[in-house]
Amino acid sequence: MSQSNTEQRPATKPGLYQEITDKIIRQIEAGTIPWVQPWAEDQTLSIPRNATTNRAYSGVNILLLWDALFERGFSVNRWLTFKQALQFGGNVRKGERGTTVVYADTFTPKKDGSAAGTTATQSGDEDSGRRIPFLKRFTVFNVAQCDGLPFDYTIQPKPVSQALPIPAAEALIAATGAQFQRDDIKAYYHTGSDSIHTPPQESFFEPINFYRTALHELTHWSGAKHRLNRDFTGRFGSTAYAREELVAEMGSAFLCASLGIVPTVRHADYIGNWLEVLKNDSRAIVSAASHASKASDFLLAFIDASEAEKAA
């Protein structure tokens with residue numbers, strides 16, 4: 001039998017967008033929602049931060065780092081690069097495995113097909129075309145994987161008391177100035193009147209669910225045209241509707257984590273719709289997480305960190 005001249009080529013690795021999306025899909029199909037994790041008693045609820053700059057990670061990096069935090073049992077939600085550990089007098093222990101996080105950027109192809117640069121490209125350049133988004137990966141390590149770091153870099157924020165009402169959440173709701181009505185039979189954001197409606201807190205089976213619901217609806221509120229201008233045109237069951245619900249779910253989770261409230265899935269009925277969106281668009285989860293992070297930052301900006309801490 002003659003040997004085929006057809007060369008066997010190795011399977012192409014999925015791009016970074018697809019790699020992240022496949023991971024999120026596997027988690028959801030296994031019953032683990034990436035933005036709702038089983039917080040252990042020794043894990044302080046928080047948004048992951050860089051240990052050296054104290055800057056919060058955002059967007060899909062929150063999901064990636066939360067996943068690593070729980071999967072590997074780290075008790076401190078602080079991260080840094082290999083180089084940063086060395087710069088601050090420490091080191092990553094030999095054999096430790098890092099966690100992939102991503103940096104989102106864009107480049108603009110020139111008319112001749114070569115890249116014109118990243119986001120710094122001037123939009124008025126006559127060679128400019130549409131900007132194409134891409135992800136760049138880099139590796140970070142949890143402070144628990146390092147030795148010799150200054151003690152201050154391993155300190156976690158104090159957990160917020162779950163006693164009701166939760167002052168930090170109430171302060172945020174009040175500070176936004178959103179028209180908030182707590183006497184309805186269901187929870188929703190009404191685009192026409194730009195108002196949020198929820199049942200009274202005492203009508204929730206678990207009263208703390210009022211805050212989880214309120215933060216979900218506030219995330220919707222943040223997307224109004226005169227605020228962050230997200231797309232509200234989709235009807236129930238549509239792709240646009242599912243995308244906005246995904247943003248609101250993650251936005252609520254990010255806000256909950258910032259205020260010390262354990263996130264939960266508020267709209268589990270949409271899980272099938274979310275999976276459909278993710279399977280049809282490898283960039284959907286990165287985009288939704290980015291919008292959710294922007295919404296969370298937008299809302300938290302109504303109260304600064306010192307006020308939130310004082311209220312807590």
# chains A, B, ... in the order shown; residues from 1 in each chain; ligands from 1
call {"tool": "closest_atom_pairs", "arguments": {"of": "stretch 136-200 of chain A", "to": "stretch 219-237 of chain A", "cutoff": "8 Å", "atoms": "only C-alpha atoms", "output": "Markdown table"}}
result
| residue | atom | partner | partner_atom | distance |
| --- | --- | --- | --- | --- |
| A:Ala178 | CA | A:Trp221 | CA | 8.0 |
| A:Tyr189 | CA | A:Trp221 | CA | 6.5 |
| A:Thr191 | CA | A:Ala224 | CA | 7.4 |
| A:Asp194 | CA | A:Trp221 | CA | 7.2 |
| A:Ser195 | CA | A:Trp221 | CA | 7.7 |
| A:Ile196 | CA | A:Trp221 | CA | 7.4 |
call {"tool": "write_last_selection", "arguments": {"atoms": "N, CA and C atoms", "output": "PDB file, in the first residue's frame"}}
result
ATOM      1  N   ALA A 178     -30.855  56.960  42.057  1.00  0.00           N
ATOM      2  CA  ALA A 178     -31.809  56.247  41.210  1.00  0.00           C
ATOM      3  C   ALA A 178     -33.201  56.296  41.824  1.00  0.00           C
ATOM      4  N   TYR A 189     -36.153  46.839  36.046  1.00  0.00           N
ATOM      5  CA  TYR A 189     -35.787  48.218  35.717  1.00  0.00           C
ATOM      6  C   TYR A 189     -36.670  48.643  34.557  1.00  0.00           C
ATOM      7  N   THR A 191     -37.260  51.050  31.630  1.00  0.00           N
ATOM      8  CA  THR A 191     -36.479  51.999  30.831  1.00  0.00           C
ATOM      9  C   THR A 191     -37.241  53.298  30.562  1.00  0.00           C
ATOM     10  N   ASP A 194     -37.200  55.244  33.689  1.00  0.00           N
ATOM     11  CA  ASP A 194     -35.860  55.224  34.282  1.00  0.00           C
ATOM     12  C   ASP A 194     -35.945  54.965  35.784  1.00  0.00           C
ATOM     13  N   SER A 195     -36.736  53.959  36.151  1.00  0.00           N
ATOM     14  CA  SER A 195     -36.952  53.674  37.569  1.00  0.00           C
ATOM     15  C   SER A 195     -36.754  52.196  37.878  1.00  0.00           C
ATOM     16  N   ILE A 196     -36.339  51.932  39.095  1.00  0.00           N
ATOM     17  CA  ILE A 196     -36.121  50.563  39.576  1.00  0.00           C
ATOM     18  C   ILE A 196     -37.251  50.194  40.522  1.00  0.00           C
TER      19      ILE A 196
END
call {"tool": "residues_around", "arguments": {"residues": "stretch 46-56 of chain A", "least_positions_apart": "4", "cutoff": "6 Å", "atoms": "only C-alpha atoms", "output": "PyMOL selection string"}}
result
chain A and resi 77-80+153+257-258
call {"tool": "residues_around", "arguments": {"residues": "stretch 283-285 of chain A", "least_positions_apart": "5", "cutoff": "9 Å", "atoms": "only C-alpha atoms", "output": "JSON, numbers by chain"}}
result
{"A": [17, 18, 20, 21, 24, 60, 243, 246, 277, 278, 290]}
call {"tool": "write_last_selection", "arguments": {"atoms": "N, CA and C atoms", "output": "PDB file, in the first residue's frame"}}
result
ATOM      1  N   TYR A  17      -9.657  33.881  23.175  1.00  0.00           N
ATOM      2  CA  TYR A  17     -11.082  34.111  23.417  1.00  0.00           C
ATOM      3  C   TYR A  17     -11.823  32.779  23.551  1.00  0.00           C
ATOM      4  N   GLN A  18     -11.550  31.858  22.606  1.00  0.00           N
ATOM      5  CA  GLN A  18     -12.232  30.573  22.615  1.00  0.00           C
ATOM      6  C   GLN A  18     -11.821  29.741  23.824  1.00  0.00           C
ATOM      7  N   ILE A  20     -10.948  30.790  26.805  1.00  0.00           N
ATOM      8  CA  ILE A  20     -11.654  31.291  27.986  1.00  0.00           C
ATOM      9  C   ILE A  20     -13.124  30.914  27.921  1.00  0.00           C
ATOM     10  N   THR A  21     -13.731  31.077  26.742  1.00  0.00           N
ATOM     11  CA  THR A  21     -15.153  30.757  26.578  1.00  0.00           C
ATOM     12  C   THR A  21     -15.415  29.284  26.847  1.00  0.00           C
ATOM     13  N   ILE A  24     -15.439  28.657  30.565  1.00  0.00           N
ATOM     14  CA  ILE A  24     -16.656  29.155  31.202  1.00  0.00           C
ATOM     15  C   ILE A  24     -17.839  28.236  30.888  1.00  0.00           C
ATOM     16  N   VAL A  60     -13.174  39.944  32.715  1.00  0.00           N
ATOM     17  CA  VAL A  60     -13.103  38.484  32.785  1.00  0.00           C
ATOM     18  C   VAL A  60     -11.979  38.022  33.708  1.00  0.00           C
ATOM     19  N   ARG A 243     -27.730  38.776  26.555  1.00  0.00           N
ATOM     20  CA  ARG A 243     -26.448  39.448  26.804  1.00  0.00           C
ATOM     21  C   ARG A 243     -26.578  40.471  27.934  1.00  0.00           C
ATOM     22  N   LEU A 246     -26.810  38.761  31.228  1.00  0.00           N
ATOM     23  CA  LEU A 246     -25.494  38.263  31.617  1.00  0.00           C
ATOM     24  C   LEU A 246     -24.668  39.386  32.240  1.00  0.00           C
ATOM     25  N   VAL A 277     -25.613  31.909  23.872  1.00  0.00           N
ATOM     26  CA  VAL A 277     -24.853  33.098  23.480  1.00  0.00           C
ATOM     27  C   VAL A 277     -23.360  32.782  23.456  1.00  0.00           C
ATOM     28  N   LEU A 278     -22.854  32.124  24.499  1.00  0.00           N
ATOM     29  CA  LEU A 278     -21.423  31.835  24.594  1.00  0.00           C
ATOM     30  C   LEU A 278     -20.975  30.874  23.501  1.00  0.00           C
ATOM     31  N   SER A 290     -16.579  42.668  30.697  1.00  0.00           N
ATOM     32  CA  SER A 290     -16.058  44.030  30.603  1.00  0.00           C
ATOM     33  C   SER A 290     -17.162  45.045  30.890  1.00  0.00           C
TER      34      SER A 290
END
call {"tool": "closest_atom_pairs", "arguments": {"of": "stretch 136-155 of chain A", "to": "stretch 61-72 of chain A", "cutoff": "10 Å", "atoms": "only C-alpha atoms", "output": "JSON lines"}}
result
{"residue": "A:Val140", "atom": "CA", "partner": "A:Leu65", "partner_atom": "CA", "distance": 9.3}
{"residue": "A:Phe141", "atom": "CA", "partner": "A:Leu65", "partner_atom": "CA", "distance": 9.8}
{"residue": "A:Asn142", "atom": "CA", "partner": "A:Leu69", "partner_atom": "CA", "distance": 8.2}
call {"tool": "select_by_dssp", "arguments": {"residues": "stretch 31-272 of chain A", "states": "strand (DSSP E)", "output": "tab-separated table (two decimals) with C-alpha atoms, in the first residue's frame"}}
result
chain	number	residue	atom	x	y	z
A	49	ARG	CA	-6.30	42.91	43.53
A	50	ASN	CA	-2.69	43.24	42.55
A	78	ARG	CA	-3.98	39.11	46.13
A	79	TRP	CA	-1.91	38.46	43.02
A	80	LEU	CA	1.32	39.60	41.38
A	91	ASN	CA	10.12	35.28	45.09
A	92	VAL	CA	7.72	32.75	43.62
A	99	THR	CA	-2.73	31.67	36.65
A	100	THR	CA	-3.42	33.13	33.22
A	101	VAL	CA	-5.02	36.57	33.09
A	102	VAL	CA	-5.52	38.71	30.04
A	103	TYR	CA	-5.03	42.22	28.79
A	104	ALA	CA	-7.51	43.46	26.19
A	105	ASP	CA	-6.36	45.80	23.45
A	106	THR	CA	-7.09	46.59	19.81
A	107	PHE	CA	-5.06	47.07	16.68
A	132	ILE	CA	-9.78	44.71	15.84
A	133	PRO	CA	-9.84	43.54	19.48
A	134	PHE	CA	-7.34	41.00	20.75
A	135	LEU	CA	-6.31	39.49	24.06
A	136	LYS	CA	-2.79	39.22	25.39
A	137	ARG	CA	-2.08	36.66	28.10
A	138	PHE	CA	0.22	37.01	31.08
A	139	THR	CA	0.77	35.02	34.24
A	140	VAL	CA	0.20	35.99	37.85
A	141	PHE	CA	0.75	34.17	41.13
A	142	ASN	CA	-1.16	34.29	44.38
A	146	CYS	CA	5.46	33.38	47.23
A	147	ASP	CA	8.05	33.72	49.97
A	179	GLN	CA	-35.60	56.39	41.43
A	180	PHE	CA	-36.15	53.35	43.63
A	181	GLN	CA	-39.57	51.96	44.51
A	188	TYR	CA	-37.34	45.11	37.25
A	189	TYR	CA	-35.79	48.22	35.72
A	190	HIS	CA	-38.29	50.25	33.68
A	195	SER	CA	-36.95	53.67	37.57
A	196	ILE	CA	-36.12	50.56	39.58
A	197	HIS	CA	-38.89	48.52	41.17
call {"tool": "atom_distance", "arguments": {"atom1": "atom CA of A:Ser75", "atom2": "atom CA of A:Ala144"}}
result
8.0 Å
call {"tool": "residues_around", "arguments": {"residues": "A:Trp274", "least_positions_apart": "5", "cutoff": "12 Å", "atoms": "only C-alpha atoms", "output": "number ranges by chain"}}
result
A: 21, 24-25, 28-29, 33, 237-247, 249-250, 267-269, 279-281, 284-285, 288
call {"tool": "closest_residue", "arguments": {"among": "A:Gly251, A:Gly15, A:Gly177, A:Gly148", "to": "A:Ser293", "atoms": "only C-alpha atoms"}}
result
A:Gly251
call {"tool": "select_by_dssp", "arguments": {"residues": "stretch 69-261 of chain A", "states": "alpha helix (DSSP H)", "output": "mmCIF file with N, CA and C atoms, in the first residue's frame"}}
result
data_model
loop_
_atom_site.group_PDB
_atom_site.id
_atom_site.type_symbol
_atom_site.label_atom_id
_atom_site.label_comp_id
_atom_site.auth_asym_id
_atom_site.auth_seq_id
_atom_site.Cartn_x
_atom_site.Cartn_y
_atom_site.Cartn_z
ATOM 1 N N LEU A 69 -8.710 30.989 42.769
ATOM 2 C CA LEU A 69 -8.781 31.142 44.224
ATOM 3 C C LEU A 69 -9.476 29.941 44.862
ATOM 4 N N PHE A 70 -10.622 29.549 44.283
ATOM 5 C CA PHE A 70 -11.403 28.464 44.869
ATOM 6 C C PHE A 70 -10.855 27.092 44.508
ATOM 7 N N GLU A 71 -10.459 26.931 43.249
ATOM 8 C CA GLU A 71 -9.963 25.626 42.805
ATOM 9 C C GLU A 71 -8.723 25.220 43.580
ATOM 10 N N PHE A 82 5.630 37.363 38.432
ATOM 11 C CA PHE A 82 6.924 36.842 38.882
ATOM 12 C C PHE A 82 7.894 37.996 39.109
ATOM 13 N N LYS A 83 7.902 38.934 38.149
ATOM 14 C CA LYS A 83 8.811 40.082 38.233
ATOM 15 C C LYS A 83 8.472 40.974 39.418
ATOM 16 N N GLN A 84 7.182 41.188 39.675
ATOM 17 C CA GLN A 84 6.784 42.028 40.805
ATOM 18 C C GLN A 84 7.200 41.411 42.135
ATOM 19 N N ALA A 85 7.121 40.087 42.236
ATOM 20 C CA ALA A 85 7.558 39.421 43.472
ATOM 21 C C ALA A 85 9.028 39.711 43.736
ATOM 22 N N LEU A 86 9.845 39.662 42.692
ATOM 23 C CA LEU A 86 11.270 39.947 42.847
ATOM 24 C C LEU A 86 11.507 41.409 43.198
ATOM 25 N N GLN A 87 10.747 42.305 42.545
ATOM 26 C CA GLN A 87 10.922 43.744 42.777
ATOM 27 C C GLN A 87 10.625 44.122 44.226
ATOM 28 N N PRO A 167 -25.350 48.675 55.662
ATOM 29 C CA PRO A 167 -25.170 50.120 55.446
ATOM 30 C C PRO A 167 -24.456 50.467 54.142
ATOM 31 N N ALA A 168 -23.420 49.688 53.773
ATOM 32 C CA ALA A 168 -22.674 50.012 52.556
ATOM 33 C C ALA A 168 -23.564 49.898 51.324
ATOM 34 N N ALA A 169 -24.426 48.884 51.286
ATOM 35 C CA ALA A 169 -25.333 48.712 50.152
ATOM 36 C C ALA A 169 -26.392 49.810 50.137
ATOM 37 N N GLU A 170 -26.920 50.140 51.312
ATOM 38 C CA GLU A 170 -27.910 51.211 51.396
ATOM 39 C C GLU A 170 -27.293 52.544 50.975
ATOM 40 N N ALA A 171 -26.032 52.758 51.371
ATOM 41 C CA ALA A 171 -25.349 54.000 51.006
ATOM 42 C C ALA A 171 -25.172 54.096 49.497
ATOM 43 N N LEU A 172 -24.854 52.963 48.857
ATOM 44 C CA LEU A 172 -24.690 52.971 47.406
ATOM 45 C C LEU A 172 -26.015 53.262 46.708
ATOM 46 N N ILE A 173 -27.085 52.596 47.137
ATOM 47 C CA ILE A 173 -28.394 52.815 46.526
ATOM 48 C C ILE A 173 -28.796 54.283 46.632
ATOM 49 N N ALA A 174 -28.586 54.858 47.819
ATOM 50 C CA ALA A 174 -28.952 56.262 48.030
ATOM 51 C C ALA A 174 -28.070 57.197 47.213
ATOM 52 N N ALA A 175 -26.763 56.885 47.143
ATOM 53 C CA ALA A 175 -25.821 57.781 46.474
ATOM 54 C C ALA A 175 -26.057 57.862 44.971
ATOM 55 N N THR A 176 -26.558 56.799 44.357
ATOM 56 C CA THR A 176 -26.792 56.833 42.913
ATOM 57 C C THR A 176 -27.884 57.819 42.534
ATOM 58 N N ASN A 209 -31.463 38.791 50.029
ATOM 59 C CA ASN A 209 -31.666 38.726 48.581
ATOM 60 C C ASN A 209 -32.181 40.041 48.015
ATOM 61 N N PHE A 210 -32.740 40.879 48.870
ATOM 62 C CA PHE A 210 -33.151 42.207 48.404
ATOM 63 C C PHE A 210 -31.956 42.942 47.812
ATOM 64 N N TYR A 211 -30.801 42.889 48.499
ATOM 65 C CA TYR A 211 -29.631 43.623 48.030
ATOM 66 C C TYR A 211 -29.085 43.006 46.748
ATOM 67 N N ARG A 212 -29.057 41.680 46.662
ATOM 68 C CA ARG A 212 -28.588 41.032 45.443
ATOM 69 C C ARG A 212 -29.466 41.445 44.264
ATOM 70 N N THR A 213 -30.776 41.492 44.504
ATOM 71 C CA THR A 213 -31.722 41.891 43.457
ATOM 72 C C THR A 213 -31.565 43.363 43.107
ATOM 73 N N ALA A 214 -31.457 44.215 44.127
ATOM 74 C CA ALA A 214 -31.315 45.652 43.901
ATOM 75 C C ALA A 214 -30.056 45.958 43.093
ATOM 76 N N LEU A 215 -28.958 45.256 43.373
ATOM 77 C CA LEU A 215 -27.711 45.502 42.656
ATOM 78 C C LEU A 215 -27.803 45.005 41.209
ATOM 79 N N HIS A 216 -28.561 43.934 40.989
ATOM 80 C CA HIS A 216 -28.827 43.464 39.623
ATOM 81 C C HIS A 216 -29.567 44.541 38.834
ATOM 82 N N GLU A 217 -30.620 45.101 39.448
ATOM 83 C CA GLU A 217 -31.409 46.119 38.745
ATOM 84 C C GLU A 217 -30.632 47.425 38.589
ATOM 85 N N LEU A 218 -29.797 47.750 39.554
ATOM 86 C CA LEU A 218 -28.942 48.939 39.420
ATOM 87 C C LEU A 218 -27.965 48.785 38.254
ATOM 88 N N THR A 219 -27.502 47.559 38.029
ATOM 89 C CA THR A 219 -26.618 47.334 36.886
ATOM 90 C C THR A 219 -27.373 47.603 35.590
ATOM 91 N N HIS A 220 -28.626 47.140 35.496
ATOM 92 C CA HIS A 220 -29.450 47.491 34.336
ATOM 93 C C HIS A 220 -29.565 49.019 34.212
ATOM 94 N N TRP A 221 -29.857 49.683 35.338
ATOM 95 C CA TRP A 221 -30.030 51.143 35.373
ATOM 96 C C TRP A 221 -28.790 51.853 34.836
ATOM 97 N N SER A 222 -27.605 51.307 35.133
ATOM 98 C CA SER A 222 -26.358 51.939 34.688
ATOM 99 C C SER A 222 -26.225 51.945 33.175
ATOM 100 N N THR A 239 -31.156 37.240 21.765
ATOM 101 C CA THR A 239 -29.730 37.252 22.094
ATOM 102 C C THR A 239 -29.351 38.528 22.839
ATOM 103 N N ALA A 240 -29.867 39.688 22.374
ATOM 104 C CA ALA A 240 -29.547 40.959 23.035
ATOM 105 C C ALA A 240 -30.036 40.951 24.477
ATOM 106 N N TYR A 241 -31.220 40.390 24.706
ATOM 107 C CA TYR A 241 -31.775 40.319 26.060
ATOM 108 C C TYR A 241 -30.883 39.438 26.939
ATOM 109 N N ALA A 242 -30.473 38.275 26.405
ATOM 110 C CA ALA A 242 -29.621 37.363 27.172
ATOM 111 C C ALA A 242 -28.283 38.006 27.504
ATOM 112 N N ARG A 243 -27.730 38.776 26.555
ATOM 113 C CA ARG A 243 -26.448 39.448 26.804
ATOM 114 C C ARG A 243 -26.578 40.471 27.934
ATOM 115 N N GLU A 244 -27.658 41.255 27.930
ATOM 116 C CA GLU A 244 -27.846 42.256 28.974
ATOM 117 C C GLU A 244 -28.065 41.597 30.325
ATOM 118 N N GLU A 245 -28.793 40.483 30.360
ATOM 119 C CA GLU A 245 -28.984 39.766 31.616
ATOM 120 C C GLU A 245 -27.668 39.198 32.136
ATOM 121 N N LEU A 246 -26.810 38.761 31.228
ATOM 122 C CA LEU A 246 -25.494 38.263 31.617
ATOM 123 C C LEU A 246 -24.668 39.386 32.240
ATOM 124 N N VAL A 247 -24.744 40.579 31.640
ATOM 125 C CA VAL A 247 -24.053 41.741 32.195
ATOM 126 C C VAL A 247 -24.585 42.065 33.585
ATOM 127 N N ALA A 248 -25.917 42.051 33.747
ATOM 128 C CA ALA A 248 -26.522 42.400 35.032
ATOM 129 C C ALA A 248 -26.190 41.372 36.108
ATOM 130 N N GLU A 249 -26.147 40.086 35.735
ATOM 131 C CA GLU A 249 -25.794 39.051 36.705
ATOM 132 C C GLU A 249 -24.366 39.236 37.209
ATOM 133 N N MET A 250 -23.441 39.450 36.278
ATOM 134 C CA MET A 250 -22.049 39.622 36.686
ATOM 135 C C MET A 250 -21.841 40.966 37.373
ATOM 136 N N GLY A 251 -22.519 41.998 36.888
ATOM 137 C CA GLY A 251 -22.401 43.302 37.541
ATOM 138 C C GLY A 251 -22.846 43.226 38.986
ATOM 139 N N SER A 252 -23.952 42.540 39.243
ATOM 140 C CA SER A 252 -24.432 42.355 40.612
ATOM 141 C C SER A 252 -23.414 41.582 41.443
ATOM 142 N N ALA A 253 -22.815 40.531 40.854
ATOM 143 C CA ALA A 253 -21.818 39.735 41.581
ATOM 144 C C ALA A 253 -20.596 40.572 41.934
ATOM 145 N N PHE A 254 -20.132 41.402 40.990
ATOM 146 C CA PHE A 254 -18.965 42.245 41.258
ATOM 147 C C PHE A 254 -19.285 43.279 42.342
ATOM 148 N N LEU A 255 -20.488 43.835 42.309
ATOM 149 C CA LEU A 255 -20.900 44.793 43.332
ATOM 150 C C LEU A 255 -21.032 44.107 44.691
ATOM 151 N N CYS A 256 -21.631 42.917 44.688
ATOM 152 C CA CYS A 256 -21.767 42.170 45.937
ATOM 153 C C CYS A 256 -20.396 41.928 46.559
ATOM 154 N N ALA A 257 -19.449 41.476 45.740
ATOM 155 C CA ALA A 257 -18.107 41.202 46.256
ATOM 156 C C ALA A 257 -17.450 42.456 46.806
ATOM 157 N N SER A 258 -17.713 43.592 46.178
ATOM 158 C CA SER A 258 -17.144 44.863 46.645
ATOM 159 C C SER A 258 -17.763 45.316 47.962
ATOM 160 N N LEU A 259 -19.005 44.903 48.203
ATOM 161 C CA LEU A 259 -19.731 45.342 49.400
ATOM 162 C C LEU A 259 -19.804 44.257 50.470
#
call {"tool": "atom_distance", "arguments": {"atom1": "atom CA of A:Ala292", "atom2": "atom CA of A:Gly59"}}
result
7.0 Å
